[in-house]
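Asks: If it helps, the file is called query.txt and holds compact mmCIF, C-alpha atoms and all ligand atoms:
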# COMPACT_ATOMS: atom_id res chain seq x y z
CA MET A 395 0.00 0.00 0.00
CA LYS A 396 1.26 3.50 -0.85
CA ARG A 397 2.18 5.72 2.07
CA VAL A 398 1.65 9.47 2.28
CA SER A 399 2.29 12.02 4.97
CA LEU A 400 0.85 15.34 6.01
CA LYS A 401 2.56 18.69 5.68
CA ARG A 402 4.27 19.72 8.90
CA ASN A 403 1.73 22.43 9.74
CA LYS A 404 -1.19 20.06 9.08
CA GLU A 405 -0.05 17.12 11.20
CA ASN A 406 -2.56 17.74 13.96
CA ILE A 407 -5.68 17.84 11.76
CA LEU A 408 -6.25 14.15 12.39
CA ALA A 409 -6.97 14.96 16.03
CA MET A 410 -10.21 16.57 14.81
CA GLN A 411 -11.30 13.14 13.55
CA HIS A 412 -12.79 14.61 10.40
CA PRO A 413 -12.87 11.83 7.80
CA TRP A 414 -11.58 13.97 4.90
CA ILE A 415 -8.05 15.13 4.14
CA PHE A 416 -7.90 17.99 1.64
CA SER A 417 -5.27 17.92 -1.08
CA GLY A 418 -3.54 21.00 0.36
CA ALA A 419 -2.66 19.11 3.53
CA LEU A 420 -1.03 16.20 1.76
CA LEU A 421 2.65 15.70 1.10
CA THR A 422 2.79 13.18 -1.72
CA GLU A 423 5.78 11.65 -3.36
CA GLY A 424 5.24 10.11 -6.77
CA GLU A 425 2.00 9.36 -8.52
CA LEU A 426 -0.98 8.03 -6.70
CA GLU A 427 -3.68 6.20 -8.58
CA ASP A 428 -7.25 7.39 -8.34
CA GLY A 429 -9.09 5.19 -5.88
CA ALA A 430 -5.97 3.61 -4.40
CA TRP A 431 -5.79 2.64 -0.75
CA VAL A 432 -3.24 4.79 1.07
CA GLU A 433 -1.77 4.83 4.55
CA ILE A 434 -1.07 8.17 6.18
CA VAL A 435 2.07 8.05 8.29
CA ASP A 436 3.36 10.44 10.91
CA ARG A 437 6.94 11.76 11.07
CA ASN A 438 8.01 8.49 12.77
CA GLN A 439 6.53 6.48 9.90
CA ARG A 440 3.78 5.18 12.16
CA VAL A 441 0.45 4.58 10.32
CA VAL A 442 -2.10 7.01 11.72
CA ALA A 443 -4.89 6.53 9.20
CA THR A 444 -5.91 4.45 6.17
CA GLY A 445 -8.19 5.62 3.40
CA HIS A 446 -9.12 5.95 -0.25
CA TYR A 447 -7.13 8.40 -2.36
CA GLN A 448 -8.83 10.46 -5.05
CA ASN A 449 -7.34 13.11 -7.31
CA HIS A 450 -9.73 15.76 -6.04
CA SER A 451 -9.85 18.54 -3.46
CA ILE A 452 -10.97 15.87 -0.98
CA ALA A 453 -7.81 13.83 -1.50
CA VAL A 454 -8.23 11.12 1.14
CA ARG A 455 -11.42 9.74 2.64
CA ILE A 456 -10.42 8.08 5.87
CA LEU A 457 -11.70 4.56 6.54
CA ALA A 458 -9.90 4.03 9.85
CA PHE A 459 -7.59 5.94 12.17
CA GLY A 460 -4.92 3.22 12.12
CA THR A 461 -4.09 0.26 9.91
CA ILE A 462 -6.51 -2.05 8.12
CA PRO A 463 -4.76 -5.42 7.94
CA ASP A 464 -7.58 -7.26 6.12
CA LYS A 465 -9.90 -5.44 3.74
CA GLU A 466 -12.66 -8.03 3.72
CA ALA A 467 -12.70 -8.41 7.51
CA PHE A 468 -12.78 -4.63 7.79
CA TYR A 469 -15.85 -4.23 5.55
CA ARG A 470 -17.57 -7.22 7.17
CA LEU A 471 -17.20 -5.69 10.63
CA ARG A 472 -18.41 -2.23 9.60
CA VAL A 473 -21.40 -3.61 7.67
CA GLN A 474 -22.40 -5.98 10.46
CA GLU A 475 -22.11 -3.23 13.06
CA ALA A 476 -24.36 -1.00 10.94
CA PHE A 477 -26.87 -3.82 10.49
CA GLN A 478 -26.97 -4.51 14.25
CA LEU A 479 -27.53 -0.81 14.91
CA ARG A 480 -30.57 -0.70 12.56
CA ARG A 481 -31.90 -3.81 14.32
CA ARG A 482 -31.51 -2.19 17.73
CA LEU A 483 -33.25 0.91 16.42
CA GLY A 484 -36.22 -1.30 15.53
CA LEU A 485 -35.97 -0.53 11.82
CA ILE A 486 -35.90 -4.11 10.50
CA ARG A 487 -39.33 -5.68 10.95
CA PRO A 488 -41.77 -7.70 8.86
CA ASP A 489 -44.03 -4.65 8.48
CA SER A 490 -41.09 -2.29 7.79
CA ASN A 491 -38.28 -3.57 5.61
CA ILE A 492 -36.98 -0.37 3.97
CA PHE A 493 -33.95 1.17 5.68
CA ARG A 494 -30.55 2.75 5.04
CA LEU A 495 -27.88 0.26 6.00
CA ILE A 496 -24.83 2.48 5.40
CA HIS A 497 -24.87 6.27 5.51
CA GLY A 498 -21.35 7.16 4.37
CA GLU A 499 -19.27 9.04 6.92
CA GLY A 500 -22.06 8.55 9.48
CA ASP A 501 -21.31 4.83 9.45
CA LEU A 502 -17.55 5.36 9.17
CA LEU A 503 -17.53 4.38 5.50
CA PRO A 504 -17.00 7.63 3.56
CA GLY A 505 -18.35 7.56 0.01
CA LEU A 506 -20.64 4.56 0.54
CA ILE A 507 -24.43 4.48 0.63
CA ILE A 508 -26.38 1.23 0.93
CA ASP A 509 -30.18 1.18 1.05
CA VAL A 510 -32.21 -1.95 1.68
CA TYR A 511 -35.60 -2.65 0.09
CA GLY A 512 -36.98 -5.94 1.36
CA SER A 513 -34.39 -8.52 0.36
CA THR A 514 -32.51 -6.25 -2.06
CA ALA A 515 -29.56 -4.03 -1.09
CA VAL A 516 -28.78 -1.11 -3.41
CA ILE A 517 -25.22 0.22 -3.32
CA GLN A 518 -24.29 3.73 -4.38
CA CYS A 519 -20.61 4.68 -4.29
CA HIS A 520 -19.59 8.34 -4.31
CA SER A 521 -15.84 7.74 -4.60
CA ILE A 522 -13.70 5.74 -7.00
CA GLY A 523 -11.94 3.94 -4.16
CA MET A 524 -15.21 2.72 -2.73
CA HIS A 525 -16.36 1.61 -6.15
CA LEU A 526 -13.22 -0.42 -6.71
CA ASP A 527 -14.08 -2.25 -3.48
CA VAL A 528 -17.67 -2.96 -4.51
CA PRO A 529 -17.16 -6.71 -5.16
CA VAL A 530 -16.00 -7.32 -1.59
CA ILE A 531 -18.69 -5.00 -0.15
CA ALA A 532 -21.41 -6.82 -2.12
CA SER A 533 -20.13 -10.12 -0.86
CA VAL A 534 -20.26 -9.15 2.84
CA VAL A 535 -23.68 -7.50 2.37
CA SER A 536 -25.08 -10.69 0.81
CA GLU A 537 -24.11 -12.55 4.03
CA LEU A 538 -26.63 -10.48 6.02
CA ASP A 539 -29.86 -12.03 7.24
CA GLY A 540 -32.63 -11.54 4.70
CA ILE A 541 -30.54 -10.08 1.86
CA ASP A 542 -30.50 -12.09 -1.37
CA GLN A 543 -29.88 -9.44 -4.02
CA VAL A 544 -27.28 -6.71 -4.34
CA TYR A 545 -27.62 -4.03 -7.02
CA ASP A 546 -24.86 -1.53 -7.83
CA LYS A 547 -26.27 1.88 -8.75
CA SER A 548 -23.15 4.01 -8.67
CA GLN A 549 -23.06 5.32 -12.22
CA ASP A 550 -24.67 8.69 -11.57
CA ALA A 551 -22.92 9.22 -8.26
CA LEU A 552 -19.33 8.90 -9.52
CA PRO A 553 -17.24 11.62 -11.20
CA ALA A 554 -18.17 12.12 -14.86
CA GLN A 555 -15.01 10.60 -16.35
CA TYR A 556 -15.85 7.19 -14.84
CA ARG A 557 -19.45 7.02 -15.96
CA ALA A 558 -18.76 6.00 -19.55
CA THR A 559 -16.85 2.88 -18.58
CA MET A 560 -19.23 1.47 -15.99
CA GLN A 561 -22.81 0.34 -15.75
CA ASN A 562 -25.36 -0.23 -13.04
CA GLY A 563 -26.23 -3.86 -12.46
CA TYR A 564 -26.76 -6.80 -10.15
CA LEU A 565 -23.70 -8.09 -8.32
CA VAL A 566 -25.74 -10.76 -6.58
CA SER A 567 -29.14 -11.68 -7.93
CA SER A 568 -31.92 -14.01 -7.00
CA PRO A 569 -34.97 -15.03 -9.03
CA GLU A 570 -37.06 -15.44 -5.89
CA THR A 571 -36.66 -12.00 -4.48
CA ASP A 572 -39.43 -10.73 -2.25
CA ALA A 573 -40.24 -7.49 -4.01
CA GLU A 574 -42.77 -6.30 -1.47
CA CYS A 575 -41.41 -3.24 0.29
CA ARG A 576 -43.08 -1.91 3.40
CA GLU A 577 -42.58 1.11 5.61
CA ASN A 578 -44.43 1.24 8.93
CA GLY A 579 -47.05 -1.15 7.61
CA LEU A 580 -47.62 0.71 4.32
CA SER A 581 -46.76 -0.96 1.01
CA PHE A 582 -44.57 0.76 -1.55
CA HIS A 583 -43.54 -0.18 -5.03
CA VAL A 584 -39.83 0.68 -5.19
CA ASP A 585 -38.07 0.63 -8.55
CA TRP A 586 -34.37 0.91 -7.72
CA GLU A 587 -33.37 0.50 -11.37
CA GLN A 588 -35.38 3.39 -12.81
CA GLY A 589 -36.11 5.40 -9.69
CA GLN A 590 -34.30 8.51 -8.44
CA LYS A 591 -31.32 8.06 -6.09
CA THR A 592 -31.51 4.43 -4.90
CA GLY A 593 -35.26 4.26 -5.52
CA PHE A 594 -36.93 5.81 -2.47
CA PHE A 595 -36.37 8.72 -0.05
CA ILE A 596 -35.85 6.72 3.14
CA ASP A 597 -34.58 9.75 5.07
CA GLN A 598 -38.14 11.12 5.42
CA ARG A 599 -39.62 8.10 7.24
CA ASP A 600 -40.02 9.74 10.66
CA ASN A 601 -41.39 12.95 9.15
CA ARG A 602 -43.91 10.98 7.10
CA ASP A 603 -44.94 9.25 10.32
CA LEU A 604 -45.54 12.62 11.98
CA VAL A 605 -47.60 13.81 9.01
CA GLY A 606 -49.75 10.68 9.33
CA LYS A 607 -50.52 11.45 12.97
CA TRP A 608 -51.92 14.87 12.14
CA THR A 609 -53.94 14.37 8.97
CA SER A 610 -57.29 13.05 10.19
CA GLY A 611 -60.02 14.76 8.19
CA LEU A 612 -57.62 17.07 6.32
CA GLN A 613 -57.12 18.03 2.69
CA VAL A 614 -53.41 17.68 1.96
CA LEU A 615 -51.19 18.92 -0.85
CA ASN A 616 -47.94 16.94 -1.18
CA ALA A 617 -45.64 18.90 -3.48
CA PHE A 618 -42.45 17.29 -4.86
CA SER A 619 -44.15 14.03 -3.94
CA TYR A 620 -41.93 11.55 -5.80
CA SER A 621 -43.73 8.18 -5.36
CA GLY A 622 -46.13 9.62 -2.79
CA GLY A 623 -44.39 8.70 0.46
CA PHE A 624 -45.97 11.51 2.48
CA SER A 625 -49.27 11.04 0.63
CA MET A 626 -49.66 7.43 1.73
CA TYR A 627 -49.10 8.33 5.38
CA ALA A 628 -51.56 11.21 5.08
CA LEU A 629 -54.19 8.84 3.64
CA ALA A 630 -53.46 6.23 6.31
CA GLY A 631 -53.92 9.00 8.89
CA GLY A 632 -57.42 9.73 7.62
CA ALA A 633 -56.93 12.61 5.18
CA THR A 634 -60.04 13.04 3.05
CA GLN A 635 -58.21 14.33 -0.03
CA VAL A 636 -54.53 14.09 -0.96
CA VAL A 637 -52.96 15.54 -4.09
CA SER A 638 -49.40 14.54 -5.05
CA VAL A 639 -47.58 16.88 -7.44
CA ASP A 640 -44.30 16.01 -9.15
CA GLN A 641 -42.78 16.88 -12.50
CA SER A 642 -41.69 13.29 -13.09
CA ARG A 643 -44.31 11.24 -14.91
CA LEU A 644 -42.86 8.01 -13.50
CA ALA A 645 -43.02 9.37 -9.96
CA ILE A 646 -46.71 10.21 -10.34
CA GLN A 647 -47.35 6.80 -11.89
CA TRP A 648 -45.75 5.19 -8.80
CA ALA A 649 -47.66 7.46 -6.42
CA ASN A 650 -50.94 6.34 -8.02
CA GLU A 651 -49.79 2.75 -7.90
CA ASN A 652 -48.90 3.05 -4.21
CA ALA A 653 -52.38 4.40 -3.45
CA ARG A 654 -53.84 1.34 -5.21
CA LEU A 655 -51.46 -1.05 -3.40
CA ASN A 656 -52.71 0.28 -0.06
CA ALA A 657 -56.35 0.40 -1.24
CA PHE A 658 -56.65 4.13 -0.52
CA THR A 659 -59.24 6.32 -2.15
CA GLY A 660 -59.07 10.10 -2.24
CA HIS A 661 -55.65 10.31 -3.93
CA GLU A 662 -54.87 12.25 -7.07
CA GLY A 663 -51.49 12.42 -8.79
CA ILE A 664 -50.67 15.48 -10.89
CA CYS A 665 -47.64 15.71 -13.15
CA ALA A 666 -46.59 19.38 -13.04
CA ASN A 667 -43.91 21.84 -12.11
CA VAL A 668 -44.61 22.73 -8.47
CA PHE A 669 -43.76 26.43 -8.90
CA GLU A 670 -46.22 26.76 -11.78
CA TYR A 671 -48.84 24.65 -10.04
CA LEU A 672 -48.72 26.78 -6.89
CA GLN A 673 -48.87 29.99 -8.91
CA GLN A 674 -51.87 28.85 -10.92
CA THR A 675 -54.06 27.16 -8.34
CA GLU A 676 -56.61 29.07 -6.28
CA LYS A 677 -57.24 26.24 -3.86
CA THR A 678 -56.11 26.37 -0.24
CA TRP A 679 -55.26 23.33 1.88
CA ASP A 680 -55.30 22.21 5.52
CA MET A 681 -51.77 20.92 5.09
CA VAL A 682 -49.09 21.62 2.49
CA ILE A 683 -45.85 19.61 2.27
CA ILE A 684 -42.91 20.88 0.23
CA ASP A 685 -39.90 18.58 -0.09
CA PRO A 686 -37.93 19.94 -3.06
CA PRO A 687 -34.72 18.42 -4.48
CA ALA A 688 -31.43 20.03 -3.41
CA PHE A 689 -31.51 23.48 -5.07
CA ALA A 690 -27.88 24.13 -4.04
CA LYS A 691 -25.55 21.35 -5.16
CA SER A 692 -22.48 23.49 -4.57
CA LEU A 693 -21.40 26.55 -2.58
CA GLN A 694 -21.51 28.69 -5.75
CA LYS A 695 -25.22 27.96 -6.11
CA LYS A 696 -26.02 28.87 -2.52
CA HIS A 697 -27.32 32.39 -3.09
CA ASN A 698 -29.66 31.44 -5.94
CA ALA A 699 -30.84 28.43 -3.99
CA VAL A 700 -31.80 30.57 -1.00
CA GLN A 701 -33.85 32.80 -3.29
CA ALA A 702 -35.58 29.75 -4.78
CA TYR A 703 -36.39 28.31 -1.33
CA LYS A 704 -37.80 31.66 -0.30
CA ARG A 705 -39.99 31.95 -3.39
CA LEU A 706 -41.22 28.40 -2.96
CA ASN A 707 -42.03 28.88 0.72
CA ILE A 708 -43.97 32.08 0.02
CA LEU A 709 -46.04 30.28 -2.64
CA ALA A 710 -46.68 27.33 -0.31
CA MET A 711 -47.62 29.51 2.68
CA GLN A 712 -50.19 31.32 0.54
CA ARG A 713 -51.89 27.99 -0.15
CA VAL A 714 -52.31 27.07 3.54
CA LYS A 715 -55.75 27.75 5.07
CA PRO A 716 -55.87 29.84 8.26
CA GLY A 717 -54.97 27.48 11.10
CA GLY A 718 -53.41 24.99 8.69
CA LEU A 719 -49.99 23.35 8.61
CA LEU A 720 -46.90 23.63 6.43
CA PHE A 721 -44.17 20.99 6.35
CA THR A 722 -41.18 22.55 4.64
CA PHE A 723 -37.84 20.87 3.91
CA SER A 724 -34.40 21.41 2.44
CA CYS A 725 -31.94 18.62 1.67
CA SER A 726 -29.17 20.93 0.39
CA GLN A 727 -26.01 20.15 2.32
CA VAL A 728 -24.58 23.65 1.85
CA ILE A 729 -27.63 25.30 3.38
CA ASP A 730 -27.42 24.70 7.11
CA ARG A 731 -30.30 24.67 9.56
CA GLU A 732 -29.80 28.28 10.57
CA LEU A 733 -29.81 29.59 7.01
CA PHE A 734 -32.80 27.40 6.14
CA GLN A 735 -34.77 28.76 9.08
CA HIS A 736 -33.80 32.36 8.21
CA THR A 737 -35.08 31.74 4.70
CA VAL A 738 -38.41 30.44 5.98
CA VAL A 739 -38.64 33.42 8.34
CA SER A 740 -38.14 35.85 5.49
CA ALA A 741 -40.76 34.01 3.44
CA GLY A 742 -43.13 34.27 6.41
CA MET A 743 -42.54 38.03 6.68
CA GLU A 744 -43.64 38.45 3.06
CA THR A 745 -46.95 36.80 3.85
CA GLY A 746 -47.40 38.81 7.05
CA ARG A 747 -49.21 35.97 8.85
CA PRO A 748 -48.39 34.81 12.41
CA MET A 749 -46.77 31.37 12.45
CA GLN A 750 -45.66 28.86 15.06
CA ILE A 751 -42.91 26.25 14.72
CA LEU A 752 -44.27 22.97 16.06
CA HIS A 753 -41.31 20.73 15.28
CA ALA A 754 -37.79 21.02 13.91
CA LEU A 755 -37.36 18.01 11.63
CA SER A 756 -34.39 15.99 10.53
CA GLN A 757 -33.28 12.75 8.86
CA GLY A 758 -34.03 9.35 10.44
CA ALA A 759 -31.67 7.48 12.77
CA ASP A 760 -30.58 5.16 9.95
CA HIS A 761 -28.95 8.31 8.46
CA PRO A 762 -26.59 8.97 11.39
CA THR A 763 -24.18 11.89 11.35
CA ASN A 764 -20.56 11.41 12.33
CA LEU A 765 -20.10 13.93 15.16
CA TYR A 766 -16.84 15.12 13.56
CA HIS A 767 -18.42 15.47 10.09
CA PRO A 768 -21.38 17.82 10.51
CA GLU A 769 -21.73 17.98 6.70
CA GLY A 770 -23.47 14.60 6.95
CA HIS A 771 -26.49 16.26 8.51
CA TYR A 772 -28.20 17.43 5.36
CA LEU A 773 -31.97 17.15 5.85
CA LYS A 774 -33.68 20.00 7.65
CA GLY A 775 -37.35 20.68 8.01
CA LEU A 776 -39.93 22.64 9.96
CA ALA A 777 -43.51 21.81 10.85
CA ILE A 778 -45.26 25.16 11.02
CA ARG A 779 -48.77 26.24 11.97
CA ILE A 780 -49.97 29.24 10.01
CA HIS A 781 -52.66 31.55 11.38
N1 LIG B 1 -41.02 13.81 -0.68
C1 LIG B 1 -40.55 12.71 -1.50
C2 LIG B 1 -39.16 12.94 -2.04
C3 LIG B 1 -39.01 14.17 -2.91
S1 LIG B 1 -37.56 14.19 -3.90
C4 LIG B 1 -40.64 11.41 -0.70
O1 LIG B 1 -40.95 11.45 0.51
O2 LIG B 1 -40.41 10.36 -1.27
C5 LIG B 1 -37.83 15.56 -4.93
C6 LIG B 1 -38.85 15.34 -6.04
O3 LIG B 1 -39.06 16.60 -6.66
C7 LIG B 1 -38.45 14.40 -7.15
O4 LIG B 1 -39.43 13.39 -7.28
C8 LIG B 1 -38.40 15.26 -8.43
O5 LIG B 1 -38.91 14.59 -9.57
C9 LIG B 1 -39.30 16.41 -8.05
N2 LIG B 1 -39.07 17.71 -8.69
C10 LIG B 1 -37.91 18.38 -8.85
N3 LIG B 1 -38.11 19.63 -9.32
C11 LIG B 1 -39.47 19.76 -9.47
C12 LIG B 1 -40.32 20.81 -9.88
N4 LIG B 1 -39.83 22.01 -10.24
N5 LIG B 1 -41.65 20.59 -9.91
C13 LIG B 1 -42.16 19.40 -9.54
N6 LIG B 1 -41.40 18.37 -9.10
C14 LIG B 1 -40.08 18.55 -9.07
Starting from the coordinates I provided, produce the structure as structure tokens.
Ligand code: SAH

Replies:
Amino acid sequence: MKRVSLKRNKENILAMQHPWIFSGALLTEGELEDGAWVEIVDRNQRVVATGHYQNHSIAVRILAFGTIPDKEAFYRLRVQEAFQLRRRLGLIRPDSNIFRLIHGEGDLLPGLIIDVYGSTAVIQCHSIGMHLDVPVIASVVSELDGIDQVYDKSQDALPAQYRATMQNGYLVSSPETDAECRENGLSFHVDWEQGQKTGFFIDQRDNRDLVGKWTSGLQVLNAFSYSGGFSMYALAGGATQVVSVDQSRLAIQWANENARLNAFTGHEGICANVFEYLQQTEKTWDMVIIDPPAFAKSLQKKHNAVQAYKRLNILAMQRVKPGGLLFTFSCSQVIDRELFQHTVVSAGMETGRPMQILHALSQGADHPTNLYHPEGHYLKGLAIRIH
């Protein structure tokens, strides 16, 4: 394994336990291959960390603060620990078999996402190094109780130059897979091959649950609905009318299908741009949910994104009946909770209506954040009552 060291003035950054080393901190001798495993050594040549190298501003993603003598044993241990944690959290049950098994840095595996849908695990690698290790990762994942398929869906998540030479596909497949996916007793059709991300937005589970508790007798608008996750909980909670709006035709098709799967009536799926829909409709709702995609994918886009969130929140607030509820979210990593809340406050000021925050919302416990890597905490939301 290649060894690298840190510049003299950067030697103590490891004490912060952040799992990334930026290229400016690295003292490299000779060429390093993209995705290679590297050991970081101190001035006494002692190995202080092991990680994946990438020719990028994030040069090393740290897998362990020390040596990793056996790659397979290392991945097996991390994956099994993560699986046990989800079990202890009560997230693996017959009536709920959709969960995130590995949440990157939050599970001490930077660059790796694994989501489980029934008996299928879907892997999404965000670094070359992780993707080179996918065969061994798939093998240890297939050893887990109840997993009989492993699908690699890394193509869109990897840097552009790697996309042309790789394809998504099954690493382990089974003809008898149990395709029925359930979340808190509700059935969902999840298409990990054609769907967005790994197929479903698992991070919203707890927030969907909260929505379901408050929807009895309400008319609910679920904007940016994808396959209708929030809509199904609203219907289960006794909503009398639920409209799902998404610009993706497939998403609306799945939302309608999910309503059928759960034998719900009172659901309508509308394929439209949410901004246009909100501008054109006159109708007001007892509850409005807005869960847009990340408007800011990079720091440069932050300012425009804030403006877009503000515009969207103003439009949504205007569609909430007096005394009604707004669930508003942002999954942009570069917009932190404080900035998000400021944005919602400034949207509120434009409407001039009194509002109360009932809950500050976040991602579920199967999306843990590494304490030393606050960037991993990306999902923010507010449940607001509007007078
Ligand atoms: N709330 C969903 C996840 C939403 S993901 C859930 O719980 O599953 C964001 C969704 O917004 C995607 O389905 C995407 O197709 C949709 N989308 C993105 N931009 C849009 C726009 N301008 N108008 C309507 N839908 C949009």

Asks: Nearest residue to ligand LIG 1 (chain B) out of A:Thr634, A:Ser521, A:Gln673, A:Gln543, using only C-alpha atoms and all ligand atoms?

Replies: A:Gln673

Asks: Residues near segment 722-735 of chain A, anyone? I mean within 7 Å using all atoms listed in the file, not counting same-chain ones fewer than 3 positions away, as a PyMOL selection string.

Replies: chain A and resi 683-693+696+738-739+769+772-777

Asks: Within 7 Å of (-29.3, 0.6, 9.0) in the file's own coordinates, which protein, DNA or RNA residues have an atom, counting only C-alpha atoms? List them as a VMD selection string.

Replies: chain A and resid 476 to 477 479 to 480 493 to 496 760

Asks: Nearest to ligand LIG 1 (chain B): which of A:Leu752, A:Ala628, A:Ile646, A:Ala710 is it, counting only C-alpha atoms and all ligand atoms?

Replies: A:Ile646

Asks: Between A:Ala458, A:Leu426, A:Leu615, A:Val432, which has the minimum distance to Leu629 of chain A (counting only C-alpha atoms)?

Replies: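 Closest to Leu629 of chain A, using only C-alpha atoms: A:Leu615.
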
Asks: Would you pick out the contacts of Val535 of chain A at 12 Å or less, using all atoms listed in the file, so that residues sharing its chain but fewer than 2 positions from it are not included, and give the list as JSON, numbers by chain?

Replies: {"A": [466, 469, 470, 471, 472, 473, 474, 475, 476, 477, 495, 496, 508, 509, 510, 513, 514, 515, 516, 517, 528, 529, 530, 531, 532, 533, 537, 538, 539, 540, 541, 542, 543, 544, 545, 546, 565, 566]}

Asks: Please provide as a list in words all residues within 9 Å of Gly429 of chain A, with the sequence filter that same-chain residues fewer than 6 positions apart are discarded (counting all atoms listed in the file).

Replies: His446, Tyr447, Gln448, Asn449, Ser521, Ile522, Gly523, Met524, His525 and Leu526 of chain A

Asks: From the set A:Gly622, A:Gly445, A:Pro413, A:Gly579, which residue has the shortest atom-to-atom contact distance to ligand LIG 1 (chain B), counting all atoms listed in the file?

Replies: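 Closest residue, counting all atoms listed in the file: A:Gly622.
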
Asks: Please list as JSON, numbers by chain every residue within 9 Å of Gln598 of chain A, counting all atoms listed in the file and excluding residues in the same chain fewer than 6 positions away.

Replies: {"A": [623, 624, 756, 757, 758, 773]}

Asks: Using only C-alpha atoms and all ligand atoms, which of A:Leu408, A:Ile415, A:Ala645, A:Ala558 sits nearest ligand LIG 1 (chain B)?

Replies: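 The answer is A:Ala645, which sits nearest to ligand LIG 1 (chain B).
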
Asks: Which is closer to ligand LIG 1 (chain B) than all the others in A:Thr675, A:Asn403, A:Gln641, A:Ser451, using only C-alpha atoms and all ligand atoms?

Replies: A:Gln641

Asks: Would you list the contacts of Phe595 of chain A as a list in words, taking every protein, DNA or RNA residue within 9 Å and counting all atoms listed in the file, but skipping same-chain residues closer than 4 positions in sequence?

Replies: Gln590, Lys591, Arg599, Tyr620 and Gly623 of chain A

Asks: For the selection you just gave me, I'd like the residues written to a file as a CSV table (one decimal), keeping the file's coordinate frame, keeping C-alpha atoms.

Replies:
chain,number,residue,atom,x,y,z
A,590,GLN,CA,-34.3,8.5,-8.4
A,591,LYS,CA,-31.3,8.1,-6.1
A,599,ARG,CA,-39.6,8.1,7.2
A,620,TYR,CA,-41.9,11.6,-5.8
A,623,GLY,CA,-44.4,8.7,0.5

Asks: (-44.1, -2.7, 3.4) in this file's frame - what residues fall within 9 Å of it? Use all atoms listed in the file and give the answer as an MDAnalysis selection string.

Replies: chainID A and resid 488:492 512 574:583

Asks: Between atom CA of Gly484 of chain A and atom CA of Phe594 of chain A, measure the distance and give it in Å to one decimal.

Replies: 19.4 Å

Asks: Take atom CA of Tyr564 of chain A and atom C5 of ligand LIG 1 (chain B) and report the distance between them in Å, one decimal.

Replies: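 One can read the atom CA of Tyr564 of chain A to atom C5 of ligand LIG 1 (chain B) distance as 25.5 Å.
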
Asks: Could you please determine the separation between atom CA of Gly746 of chain A and atom CA of Glu676 of chain A in Å, to one decimal place?

Replies: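 One can read the atom CA of Gly746 of chain A to atom CA of Glu676 of chain A distance as 18.9 Å.
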